$ cat run25.cif   # mmCIF, C-alpha atoms
data_coords
#
loop_
_atom_site.label_atom_id
_atom_site.label_comp_id
_atom_site.auth_asym_id
_atom_site.auth_seq_id
_atom_site.Cartn_x
_atom_site.Cartn_y
_atom_site.Cartn_z
CA MET A 1 -85.79 55.94 -1.21
CA LEU A 2 -83.71 54.09 -3.80
CA ALA A 3 -82.81 55.81 -7.05
CA CYS A 4 -83.52 53.42 -9.90
CA ALA A 5 -80.83 53.30 -12.60
CA GLY A 6 -83.31 51.93 -15.13
CA LEU A 7 -86.13 49.41 -15.57
CA TRP A 8 -85.44 46.01 -17.09
CA SER A 9 -87.84 43.10 -16.88
CA ALA A 10 -86.56 39.57 -16.39
CA ALA A 11 -88.63 38.69 -19.42
CA ALA A 12 -86.62 41.10 -21.57
CA PHE A 13 -83.72 38.73 -22.12
CA ALA A 14 -83.35 35.18 -23.35
CA ALA A 15 -82.60 32.60 -20.69
CA GLY A 16 -79.01 31.43 -20.74
CA PRO A 17 -76.82 28.95 -18.88
CA PHE A 18 -75.87 31.52 -16.20
CA PRO A 19 -77.90 33.62 -13.75
CA ALA A 20 -78.48 37.20 -14.89
CA ALA A 21 -78.34 40.61 -13.27
CA THR A 22 -81.37 42.53 -14.56
CA ASP A 23 -81.59 45.84 -12.71
CA VAL A 24 -79.65 48.01 -10.27
CA ARG A 25 -80.55 50.67 -7.71
CA LEU A 26 -78.54 52.96 -5.44
CA GLY A 27 -79.78 54.64 -2.29
CA GLY A 28 -78.39 56.61 0.62
CA ASP A 29 -76.07 59.52 1.33
CA ASP A 30 -72.43 60.30 2.11
CA GLN A 31 -72.58 58.32 5.35
CA HIS A 32 -74.47 55.18 4.34
CA THR A 33 -75.10 53.90 0.80
CA ARG A 34 -76.83 50.75 -0.41
CA LEU A 35 -76.33 48.96 -3.74
CA VAL A 36 -79.10 46.57 -4.82
CA ILE A 37 -78.89 44.36 -7.92
CA ASP A 38 -81.81 42.18 -9.07
CA LEU A 39 -80.85 38.63 -10.04
CA THR A 40 -82.62 35.75 -11.72
CA ASP A 41 -81.22 33.28 -9.16
CA ARG A 42 -79.54 33.31 -5.79
CA ILE A 43 -75.72 33.22 -5.89
CA ASP A 44 -72.77 33.31 -3.50
CA VAL A 45 -70.71 36.50 -3.29
CA ALA A 46 -67.51 37.66 -1.61
CA THR A 47 -66.35 41.24 -1.03
CA PHE A 48 -63.02 42.90 -0.32
CA THR A 49 -61.61 46.41 -0.43
CA LEU A 50 -58.60 47.97 -2.13
CA ALA A 51 -56.87 51.28 -1.48
CA ASP A 52 -55.40 54.07 -3.60
CA PRO A 53 -57.88 54.48 -5.15
CA TYR A 54 -60.57 53.34 -2.71
CA ARG A 55 -62.51 50.45 -4.20
CA VAL A 56 -64.96 47.78 -3.08
CA VAL A 57 -64.77 44.58 -5.10
CA ILE A 58 -67.60 42.04 -5.26
CA ASP A 59 -66.72 38.63 -6.67
CA LEU A 60 -69.53 36.49 -8.07
CA PRO A 61 -69.84 33.33 -10.12
CA GLN A 62 -70.20 33.95 -13.83
CA ILE A 63 -73.41 35.81 -14.57
CA ASN A 64 -74.95 37.57 -17.54
CA PHE A 65 -75.14 41.32 -16.95
CA GLN A 66 -78.39 42.53 -18.50
CA LEU A 67 -78.33 45.92 -16.79
CA PRO A 68 -79.66 49.11 -18.39
CA ALA A 69 -77.30 50.94 -20.74
CA ARG A 70 -74.57 52.90 -18.95
CA ALA A 71 -75.58 51.54 -15.56
CA GLY A 72 -72.82 52.41 -13.14
CA ASP A 73 -71.63 55.54 -14.91
CA LYS A 74 -73.18 57.74 -12.23
CA GLY A 75 -73.05 57.05 -8.52
CA ARG A 76 -74.75 58.24 -5.38
CA GLY A 77 -73.71 58.81 -1.80
CA LEU A 78 -70.42 57.02 -1.11
CA ILE A 79 -70.33 55.48 -4.59
CA LYS A 80 -68.66 57.49 -7.33
CA ALA A 81 -69.34 54.90 -10.05
CA PHE A 82 -69.20 51.14 -10.57
CA ARG A 83 -68.42 48.71 -13.36
CA TYR A 84 -69.05 45.04 -13.93
CA GLY A 85 -68.20 42.16 -16.22
CA LEU A 86 -66.40 38.89 -16.69
CA ILE A 87 -63.06 38.67 -14.88
CA MET A 88 -62.25 35.08 -15.81
CA GLN A 89 -64.06 32.04 -17.14
CA GLY A 90 -66.54 31.08 -14.41
CA GLY A 91 -66.17 34.34 -12.50
CA SER A 92 -67.67 37.83 -12.70
CA ARG A 93 -66.86 40.95 -10.73
CA ILE A 94 -68.37 44.27 -9.73
CA VAL A 95 -65.90 47.04 -8.84
CA ILE A 96 -67.22 50.05 -6.92
CA ASP A 97 -65.22 53.27 -7.03
CA ALA A 98 -65.74 54.86 -3.62
CA LYS A 99 -65.54 58.60 -2.98
CA GLY A 100 -63.41 57.96 0.11
CA PRO A 101 -62.55 55.26 2.68
CA VAL A 102 -65.55 52.98 3.29
CA LYS A 103 -66.34 49.75 5.08
CA VAL A 104 -68.68 47.00 3.95
CA GLU A 105 -71.26 46.80 6.71
CA LYS A 106 -73.25 44.01 5.07
CA SER A 107 -73.24 42.04 1.84
CA PHE A 108 -75.78 39.31 1.21
CA VAL A 109 -78.09 37.80 -1.40
CA LEU A 110 -81.82 37.40 -0.80
CA ALA A 111 -83.73 34.56 -2.40
CA ALA A 112 -86.69 35.41 -4.63
CA ALA A 113 -89.85 35.80 -2.54
CA ASP A 114 -93.26 37.50 -2.58
CA GLY A 115 -93.01 38.41 -6.25
CA GLN A 116 -89.59 40.00 -5.80
CA PRO A 117 -86.52 38.67 -7.64
CA ALA A 118 -83.39 37.46 -5.91
CA ARG A 119 -81.34 40.48 -4.86
CA LEU A 120 -77.71 41.24 -4.10
CA VAL A 121 -77.49 43.85 -1.34
CA VAL A 122 -74.29 45.66 -0.35
CA ASP A 123 -74.33 48.26 2.45
CA LEU A 124 -71.41 50.69 2.68
CA ALA A 125 -70.59 53.08 5.51
CA ALA A 126 -68.12 55.95 5.63
CA THR A 127 -64.98 55.43 7.71
CA ASP A 128 -61.57 57.05 8.15
CA ARG A 129 -58.38 56.09 6.32
CA ASP A 130 -56.66 54.61 9.38
CA SER A 131 -59.58 52.26 10.01
CA PHE A 132 -59.80 51.41 6.33
CA MET A 133 -56.11 50.53 6.10
CA ARG A 134 -56.20 48.59 9.38
CA HIS A 135 -59.09 46.46 8.10
CA LEU A 136 -57.28 46.00 4.80
CA SER A 137 -54.17 44.66 6.53
CA LEU A 138 -56.20 42.31 8.74
CA ALA A 139 -58.39 40.90 5.97
CA SER A 140 -57.84 37.15 5.83
CA HIS A 141 -59.24 36.52 2.36
CA ALA A 142 -57.10 37.07 -0.70
CA PRO A 143 -58.53 38.84 -3.77
CA ARG A 144 -59.35 36.48 -6.58
CA VAL A 145 -56.85 37.04 -9.37
CA PRO A 146 -57.69 35.74 -12.85
CA ALA A 147 -55.95 32.50 -13.69
CA LYS A 148 -53.32 32.70 -16.38
CA PRO A 149 -55.14 32.39 -19.70
CA SER A 150 -54.29 29.36 -21.76
CA LEU A 151 -52.09 30.06 -24.75
CA PRO A 152 -53.79 30.22 -28.15
CA ALA A 153 -53.18 27.09 -30.18
CA VAL A 154 -50.48 27.52 -32.82
CA ASP A 155 -48.37 25.00 -34.69
CA PRO A 156 -44.79 25.42 -33.41
CA GLY A 157 -43.48 23.50 -36.40
CA ASP A 158 -44.98 25.94 -38.89
CA PRO A 159 -42.14 28.21 -40.12
CA ARG A 160 -44.40 31.11 -41.08
CA PRO A 161 -44.10 34.24 -38.91
CA LEU A 162 -46.56 34.43 -36.01
CA VAL A 163 -48.52 37.66 -35.58
CA VAL A 164 -50.24 38.10 -32.21
CA ILE A 165 -53.18 40.52 -32.31
CA ASP A 166 -54.23 42.01 -28.98
CA PRO A 167 -57.77 43.45 -28.82
CA GLY A 168 -57.56 45.88 -25.88
CA HIS A 169 -59.71 45.72 -22.76
CA GLY A 170 -62.45 43.07 -22.39
CA GLY A 171 -64.71 41.66 -19.72
CA ILE A 172 -65.09 44.04 -16.79
CA ASP A 173 -62.80 46.54 -18.52
CA THR A 174 -64.94 48.17 -21.22
CA GLY A 175 -62.35 50.72 -22.28
CA ALA A 176 -63.57 54.02 -23.69
CA LYS A 177 -67.33 54.50 -23.99
CA ALA A 178 -68.85 56.44 -26.84
CA PRO A 179 -71.27 59.25 -25.92
CA GLY A 180 -74.86 58.23 -25.39
CA ASN A 181 -75.30 54.57 -26.17
CA GLY A 182 -72.77 54.56 -28.99
CA GLY A 183 -70.99 51.42 -27.83
CA ASP A 184 -67.76 50.63 -26.03
CA GLU A 185 -64.14 50.24 -27.04
CA LYS A 186 -63.75 46.59 -26.08
CA THR A 187 -66.40 45.50 -28.60
CA MET A 188 -65.21 47.72 -31.44
CA VAL A 189 -61.57 46.69 -31.16
CA LEU A 190 -62.45 42.99 -30.93
CA ASN A 191 -64.48 43.27 -34.14
CA PHE A 192 -61.53 44.98 -35.82
CA ALA A 193 -59.02 42.43 -34.52
CA LEU A 194 -61.11 39.61 -35.96
CA ALA A 195 -61.19 41.39 -39.35
CA LEU A 196 -57.41 41.88 -39.29
CA ARG A 197 -56.92 38.21 -38.38
CA ASP A 198 -59.06 37.16 -41.33
CA HIS A 199 -57.05 39.31 -43.77
CA LEU A 200 -53.72 37.98 -42.51
CA GLU A 201 -54.84 34.36 -42.53
CA LYS A 202 -56.34 34.70 -46.00
CA SER A 203 -52.93 35.67 -47.37
CA GLY A 204 -51.52 32.34 -46.21
CA LYS A 205 -48.24 34.04 -45.22
CA TYR A 206 -48.70 34.08 -41.47
CA ARG A 207 -49.84 32.23 -38.43
CA VAL A 208 -52.16 34.44 -36.36
CA ALA A 209 -53.19 34.29 -32.69
CA LEU A 210 -55.40 36.59 -30.60
CA THR A 211 -54.86 37.36 -26.92
CA ARG A 212 -58.65 37.25 -26.60
CA SER A 213 -61.29 36.21 -29.08
CA ASP A 214 -64.31 36.95 -26.88
CA ASP A 215 -65.40 39.30 -24.09
CA THR A 216 -62.77 38.16 -21.57
CA PHE A 217 -60.55 40.27 -19.33
CA ILE A 218 -56.81 39.66 -19.76
CA PRO A 219 -54.35 41.42 -17.39
CA LEU A 220 -51.76 43.58 -19.13
CA ASN A 221 -48.71 41.51 -18.21
CA GLU A 222 -50.51 38.37 -19.41
CA ARG A 223 -50.90 39.89 -22.85
CA VAL A 224 -47.14 40.37 -22.99
CA ARG A 225 -46.57 36.85 -21.63
CA ILE A 226 -48.74 35.34 -24.37
CA ALA A 227 -46.70 37.03 -27.11
CA ARG A 228 -43.38 35.99 -25.60
CA ALA A 229 -44.45 32.42 -24.78
CA LEU A 230 -45.62 31.89 -28.35
CA LYS A 231 -42.35 33.35 -29.69
CA ALA A 232 -44.32 35.87 -31.72
CA SER A 233 -42.74 37.71 -34.61
CA LEU A 234 -45.04 40.71 -34.15
CA PHE A 235 -47.43 41.98 -31.47
CA VAL A 236 -50.18 44.38 -32.57
CA SER A 237 -52.41 45.84 -29.86
CA ILE A 238 -55.69 47.39 -31.06
CA HIS A 239 -57.42 50.22 -29.19
CA ALA A 240 -59.62 53.31 -29.64
CA ASP A 241 -59.18 56.60 -27.82
CA TYR A 242 -61.54 59.07 -26.12
CA LEU A 243 -61.01 62.78 -25.59
CA PRO A 244 -63.35 64.70 -23.25
CA LYS A 245 -64.93 67.81 -24.79
CA ALA A 246 -63.18 69.96 -22.20
CA GLU A 247 -59.83 68.92 -23.71
CA GLY A 248 -60.77 69.79 -27.28
CA GLU A 249 -61.40 67.67 -30.34
CA ALA A 250 -59.30 65.02 -32.05
CA GLN A 251 -59.76 62.59 -34.91
CA GLY A 252 -57.92 59.85 -36.71
CA ALA A 253 -55.70 56.87 -36.10
CA THR A 254 -52.34 56.89 -34.29
CA VAL A 255 -49.60 54.26 -34.08
CA TYR A 256 -47.61 54.04 -30.85
CA THR A 257 -44.28 52.42 -30.04
CA LEU A 258 -42.62 51.97 -26.66
CA SER A 259 -40.66 54.72 -24.97
CA GLU A 260 -40.26 55.34 -21.27
CA LYS A 261 -40.32 59.06 -22.10
CA ALA A 262 -43.56 59.93 -23.87
CA SER A 263 -43.29 61.81 -27.16
CA ASP A 264 -45.84 64.39 -25.97
CA ALA A 265 -48.38 65.11 -23.24
CA ALA A 266 -51.24 63.43 -25.12
CA ALA A 267 -49.22 60.22 -25.48
CA ALA A 268 -48.39 60.29 -21.77
CA ARG A 269 -52.06 60.77 -20.89
CA LEU A 270 -53.12 57.86 -23.06
CA ALA A 271 -50.44 55.49 -21.74
CA GLU A 272 -51.39 56.32 -18.17
CA ALA A 273 -55.03 55.57 -18.93
CA GLU A 274 -54.32 52.32 -20.80
CA ASN A 275 -51.95 51.11 -18.08
CA LYS A 276 -54.75 51.29 -15.51
CA ALA A 277 -56.59 48.27 -16.91
CA ASP A 278 -55.64 46.05 -13.96
CA VAL A 279 -56.75 48.72 -11.48
CA ILE A 280 -60.05 49.06 -13.35
CA ALA A 281 -60.60 45.33 -13.00
CA GLY A 282 -60.08 45.48 -9.24
CA LEU A 283 -56.71 43.73 -9.24
CA ASP A 284 -54.03 44.43 -6.66
CA LEU A 285 -50.87 43.17 -8.29
CA THR A 286 -48.38 45.18 -6.24
CA ARG A 287 -46.95 41.99 -4.76
CA GLU A 288 -46.64 40.22 -8.10
CA PRO A 289 -43.09 39.74 -9.44
CA ASN A 290 -42.49 42.42 -12.06
CA ASP A 291 -41.01 40.21 -14.78
CA VAL A 292 -41.67 42.83 -17.43
CA ALA A 293 -39.68 45.48 -15.59
CA ASP A 294 -36.82 43.07 -15.03
CA ILE A 295 -36.52 42.10 -18.68
CA LEU A 296 -36.50 45.70 -19.85
CA ILE A 297 -32.75 45.81 -19.23
CA ASP A 298 -32.23 43.20 -21.92
CA LEU A 299 -30.07 44.76 -24.62
CA ALA A 300 -32.08 42.89 -27.22
CA GLN A 301 -34.80 45.50 -26.76
CA ARG A 302 -32.75 48.06 -28.65
CA GLU A 303 -33.11 46.05 -31.85
CA THR A 304 -36.73 45.29 -31.04
CA LYS A 305 -37.52 49.00 -30.68
CA SER A 306 -35.94 49.69 -34.07
CA PHE A 307 -38.10 47.01 -35.69
CA SER A 308 -41.20 48.43 -33.94
CA VAL A 309 -40.55 51.91 -35.33
CA GLN A 310 -40.11 50.49 -38.82
CA LEU A 311 -43.45 48.70 -38.53
CA ALA A 312 -45.15 51.86 -37.21
CA ARG A 313 -43.95 53.86 -40.23
CA SER A 314 -45.11 51.16 -42.63
CA LEU A 315 -48.52 51.11 -40.95
CA VAL A 316 -48.94 54.87 -41.29
CA THR A 317 -47.94 54.75 -44.97
CA GLU A 318 -50.59 52.15 -45.78
CA MET A 319 -53.32 53.25 -43.38
CA LYS A 320 -53.45 56.77 -44.80
CA THR A 321 -54.84 55.24 -48.02
CA ALA A 322 -57.75 53.71 -46.10
CA THR A 323 -58.64 55.87 -43.11
CA ARG A 324 -58.19 59.25 -41.48
CA LEU A 325 -54.94 59.64 -39.52
CA HIS A 326 -54.23 61.89 -36.58
CA ALA A 327 -52.20 65.03 -37.34
CA ASN A 328 -49.30 63.44 -35.44
CA PRO A 329 -49.76 59.76 -36.34
CA VAL A 330 -46.53 58.20 -34.97
CA ARG A 331 -45.98 58.58 -31.22
CA SER A 332 -44.38 56.77 -28.31
CA ALA A 333 -45.08 56.25 -24.61
CA GLY A 334 -44.62 53.70 -21.84
CA PHE A 335 -47.42 51.25 -22.61
CA ILE A 336 -47.13 48.08 -20.53
CA VAL A 337 -48.33 45.87 -23.40
CA LEU A 338 -45.42 47.00 -25.60
CA ARG A 339 -42.67 45.97 -23.16
CA ALA A 340 -41.68 42.56 -24.50
CA PRO A 341 -37.93 42.95 -25.17
CA ASP A 342 -37.84 40.36 -27.93
CA VAL A 343 -41.11 40.94 -29.83
CA PRO A 344 -41.52 44.02 -32.06
CA SER A 345 -44.72 45.64 -30.81
CA VAL A 346 -47.04 48.50 -31.73
CA LEU A 347 -50.25 49.84 -30.24
CA ILE A 348 -52.76 51.23 -32.74
CA GLU A 349 -55.46 53.69 -31.69
CA LEU A 350 -57.94 53.28 -34.52
CA GLY A 351 -59.65 56.60 -33.83
CA TYR A 352 -61.59 58.49 -31.19
CA VAL A 353 -64.96 57.21 -29.98
CA SER A 354 -65.60 60.81 -28.90
CA SER A 355 -65.56 61.88 -32.59
CA LYS A 356 -68.78 61.33 -34.53
CA GLU A 357 -66.85 60.69 -37.75
CA ASP A 358 -64.42 58.24 -36.18
CA LEU A 359 -67.19 56.46 -34.29
CA ARG A 360 -69.13 56.01 -37.52
CA SER A 361 -66.05 54.39 -39.05
CA LEU A 362 -65.34 52.19 -36.03
CA LYS A 363 -68.84 50.72 -36.29
CA SER A 364 -68.67 50.22 -40.06
CA GLU A 365 -67.90 46.76 -41.43
CA GLU A 366 -66.81 48.27 -44.74
CA TRP A 367 -64.33 50.59 -42.97
CA ARG A 368 -63.01 47.72 -40.83
CA ASN A 369 -62.31 45.57 -43.86
CA ARG A 370 -60.67 48.41 -45.81
CA THR A 371 -58.46 49.48 -42.90
CA ALA A 372 -57.58 45.93 -41.88
CA ALA A 373 -56.51 45.25 -45.48
CA ALA A 374 -54.24 48.32 -45.34
CA MET A 375 -52.67 47.06 -42.10
CA ALA A 376 -52.12 43.66 -43.65
CA ARG A 377 -50.27 45.31 -46.53
CA ALA A 378 -48.10 47.18 -44.03
CA ILE A 379 -47.26 43.93 -42.28
CA ASP A 380 -46.34 42.43 -45.66
CA THR A 381 -44.01 45.36 -46.30
CA TYR A 382 -42.42 44.93 -42.89
CA PHE A 383 -41.75 41.22 -43.38
CA VAL A 384 -40.46 41.23 -46.97
CA PRO A 385 -36.77 42.00 -46.22
CA ARG A 386 -36.76 39.78 -43.13
CA LEU A 387 -38.25 36.77 -44.84
CA ALA A 388 -35.87 37.23 -47.73
CA GLY A 389 -33.05 37.07 -45.22
CA GLY A 390 -34.37 33.84 -43.78
CA ARG A 391 -35.05 35.19 -40.30
CA ARG A 392 -38.19 35.52 -38.22
CA ALA A 393 -38.51 39.30 -38.26
CA GLY A 394 -37.12 40.04 -34.85
CA GLY A 395 -39.27 37.48 -33.05
CA ALA A 396 -37.91 35.27 -30.30
CA ASN A 397 -36.20 32.12 -31.39
#
$ encode --input "run25.cif" --output "structure tokens"
Amino acid sequence: MLACAGLWSAAAFAAGPFPAATDVRLGGDDQHTRLVIDLTDRIDVATFTLADPYRVVIDLPQINFQLPARAGDKGRGLIKAFRYGLIMQGGSRIVIDAKGPVKVEKSFVLAAADGQPARLVVDLAATDRDSFMRHLSLASHAPRVPAKPSLPAVDPGDPRPLVVIDPGHGGIDTGAKAPGNGGDEKTMVLNFALALRDHLEKSGKYRVALTRSDDTFIPLNERVRIARALKASLFVSIHADYLPKAEGEAQGATVYTLSEKASDAAAARLAEAENKADVIAGLDLTREPNDVADILIDLAQRETKSFSVQLARSLVTEMKTATRLHANPVRSAGFIVLRAPDVPSVLIELGYVSSKEDLRSLKSEEWRNRTAAAMARAIDTYFVPRLAGGRRAGGAN
């Protein structure tokens, strides 16, 4: 008997240019588990597995996920949970978090027939770690890694400082989810990033680029690459935090700078969570050249860190006039997205989606505009002495 995760009729959504996933069901036990997803059209799929943690990845062409709210948050049998979304233009992905080593016994798509929609079916069976790792080493297909995103268009001849805004998460990586159906981090931070862009552009003082302007997944190192390739003067990454009830309550915004030694346990926890974005998306980048790690030895980063701290302090000074701040609003930790050695960078946690008050603010257009305006003033303050000196505020030249 399959456990239905929710009912969703194919008539409940507007037809679009891509096939849609409309419902999902899980069935089975801790030996055999089946995942079934209803589709509006038959598609081709490919599966592969990843270890540590155990994951099953299903690659599909781009589809519209019209699944019930919070589908995938709870699993069954061998499946702990699963997530889904866009992994690149033209490609979607489902990532299954397995409770232990598993093997994909079957994966196929049935055409619509006898009043039933097209269906994706994936059958998993329990196995041991040795068998799992042996199959992993023998697998002939390579995981599909998102292509490098194209760089945002900016005028290289424009002398104004370039501010790169980085809305966290995106695509398959939803980020923190608010309780109930309160929304997800990736949407809230994109809305805020767009508001901040508008305030900065309206001033006429800056060129502005976004690492993503829609619901697209961007790997962490690619976000850094975009800022460095564009010779950005500033990199501002926008996020929102979540604190489980078991760990207490927290409210307010926090500004983070880079440090390999976290300023406190909470900062270390957050950095560890944020740095797992590529794992969440089902990427295995262990064989990728670690350019970011290599460039960390660049002595230029000492000056860059100093500029980043100055910006963080300016942000806190202005933001406290517009929004609630955390009791300890300036912190540091080893965030991957802050590791460009030649671009002053900060990561801003706008608030906690686990807090009713913060969540209300995060979803408010009036709050977004007020807080984005405060951030824009802080960026003005940061740039004033640097522009007066005729330099590009610590950005690469």
$ resolve_selection --input "run25.cif" --expression "the PyMOL selection byres ((chain A and resi 130) around 12)" --output "number ranges by chain"
A: 51, 100-103, 127-129, 131-137
$ write_last_selection --input "run25.cif" --atoms "C-alpha atoms" --output "short mmCIF file (atom, residue, chain, number, x, y, z; two decimals), in the coordinates of the input"
data_model
loop_
_atom_site.label_atom_id
_atom_site.label_comp_id
_atom_site.auth_asym_id
_atom_site.auth_seq_id
_atom_site.Cartn_x
_atom_site.Cartn_y
_atom_site.Cartn_z
CA ALA A 51 -56.87 51.28 -1.48
CA GLY A 100 -63.41 57.96 0.11
CA PRO A 101 -62.55 55.26 2.68
CA VAL A 102 -65.55 52.98 3.29
CA LYS A 103 -66.34 49.75 5.08
CA THR A 127 -64.98 55.43 7.71
CA ASP A 128 -61.57 57.05 8.15
CA ARG A 129 -58.38 56.09 6.32
CA SER A 131 -59.58 52.26 10.01
CA PHE A 132 -59.80 51.41 6.33
CA MET A 133 -56.11 50.53 6.10
CA ARG A 134 -56.20 48.59 9.38
CA HIS A 135 -59.09 46.46 8.10
CA LEU A 136 -57.28 46.00 4.80
CA SER A 137 -54.17 44.66 6.53
#
$ closest_atom_pairs --input "run25.cif" --of "region 124-206 of chain A" --to "region 332-356 of chain A" --cutoff "9 Å" --atoms "only C-alpha atoms" --output "Markdown table"
| residue | atom | partner | partner_atom | distance |
| --- | --- | --- | --- | --- |
| A:Asp166 | CA | A:Leu347 | CA | 8.9 |
| A:Ala176 | CA | A:Val353 | CA | 7.2 |
| A:Lys177 | CA | A:Val353 | CA | 7.0 |
| A:Ala178 | CA | A:Val353 | CA | 5.1 |
| A:Pro179 | CA | A:Ser354 | CA | 6.6 |
| A:Gly182 | CA | A:Val353 | CA | 8.3 |
| A:Gly183 | CA | A:Val353 | CA | 8.6 |
| A:Asp184 | CA | A:Val353 | CA | 8.2 |
| A:Glu185 | CA | A:Val353 | CA | 7.6 |
| A:Val189 | CA | A:Leu350 | CA | 8.2 |
$ write_last_selection --input "run25.cif" --atoms "C-alpha atoms" --output "PDB file, keeping the file's coordinate frame"
ATOM      1  CA  ASP A 166     -54.230  42.010 -28.980  1.00  0.00           C
ATOM      2  CA  ALA A 176     -63.570  54.020 -23.690  1.00  0.00           C
ATOM      3  CA  LYS A 177     -67.330  54.500 -23.990  1.00  0.00           C
ATOM      4  CA  ALA A 178     -68.850  56.440 -26.840  1.00  0.00           C
ATOM      5  CA  PRO A 179     -71.270  59.250 -25.920  1.00  0.00           C
ATOM      6  CA  GLY A 182     -72.770  54.560 -28.990  1.00  0.00           C
ATOM      7  CA  GLY A 183     -70.990  51.420 -27.830  1.00  0.00           C
ATOM      8  CA  ASP A 184     -67.760  50.630 -26.030  1.00  0.00           C
ATOM      9  CA  GLU A 185     -64.140  50.240 -27.040  1.00  0.00           C
ATOM     10  CA  VAL A 189     -61.570  46.690 -31.160  1.00  0.00           C
TER      11      VAL A 189
END
$ residues_near_point --input "run25.cif" --point "(-75.6, 41.2, -14.3)" --cutoff "7 Å" --atoms "all atoms listed in the file" --output "MDAnalysis selection string"
chainID A and resid 20:22 63:67
$ resolve_selection --input "run25.cif" --expression "the PyMOL selection byres ((chain A and resi 151) around 9)" --output "ChimeraX atom specification"
/A:148-150,152-154,211,226,229-230
$ residues_around --input "run25.cif" --residues "Ala312 (chain A)" --least-positions-apart "5" --cutoff "8 Å" --atoms "only C-alpha atoms" --output "PyMOL selection string"
chain A and resi 255-257+330+346
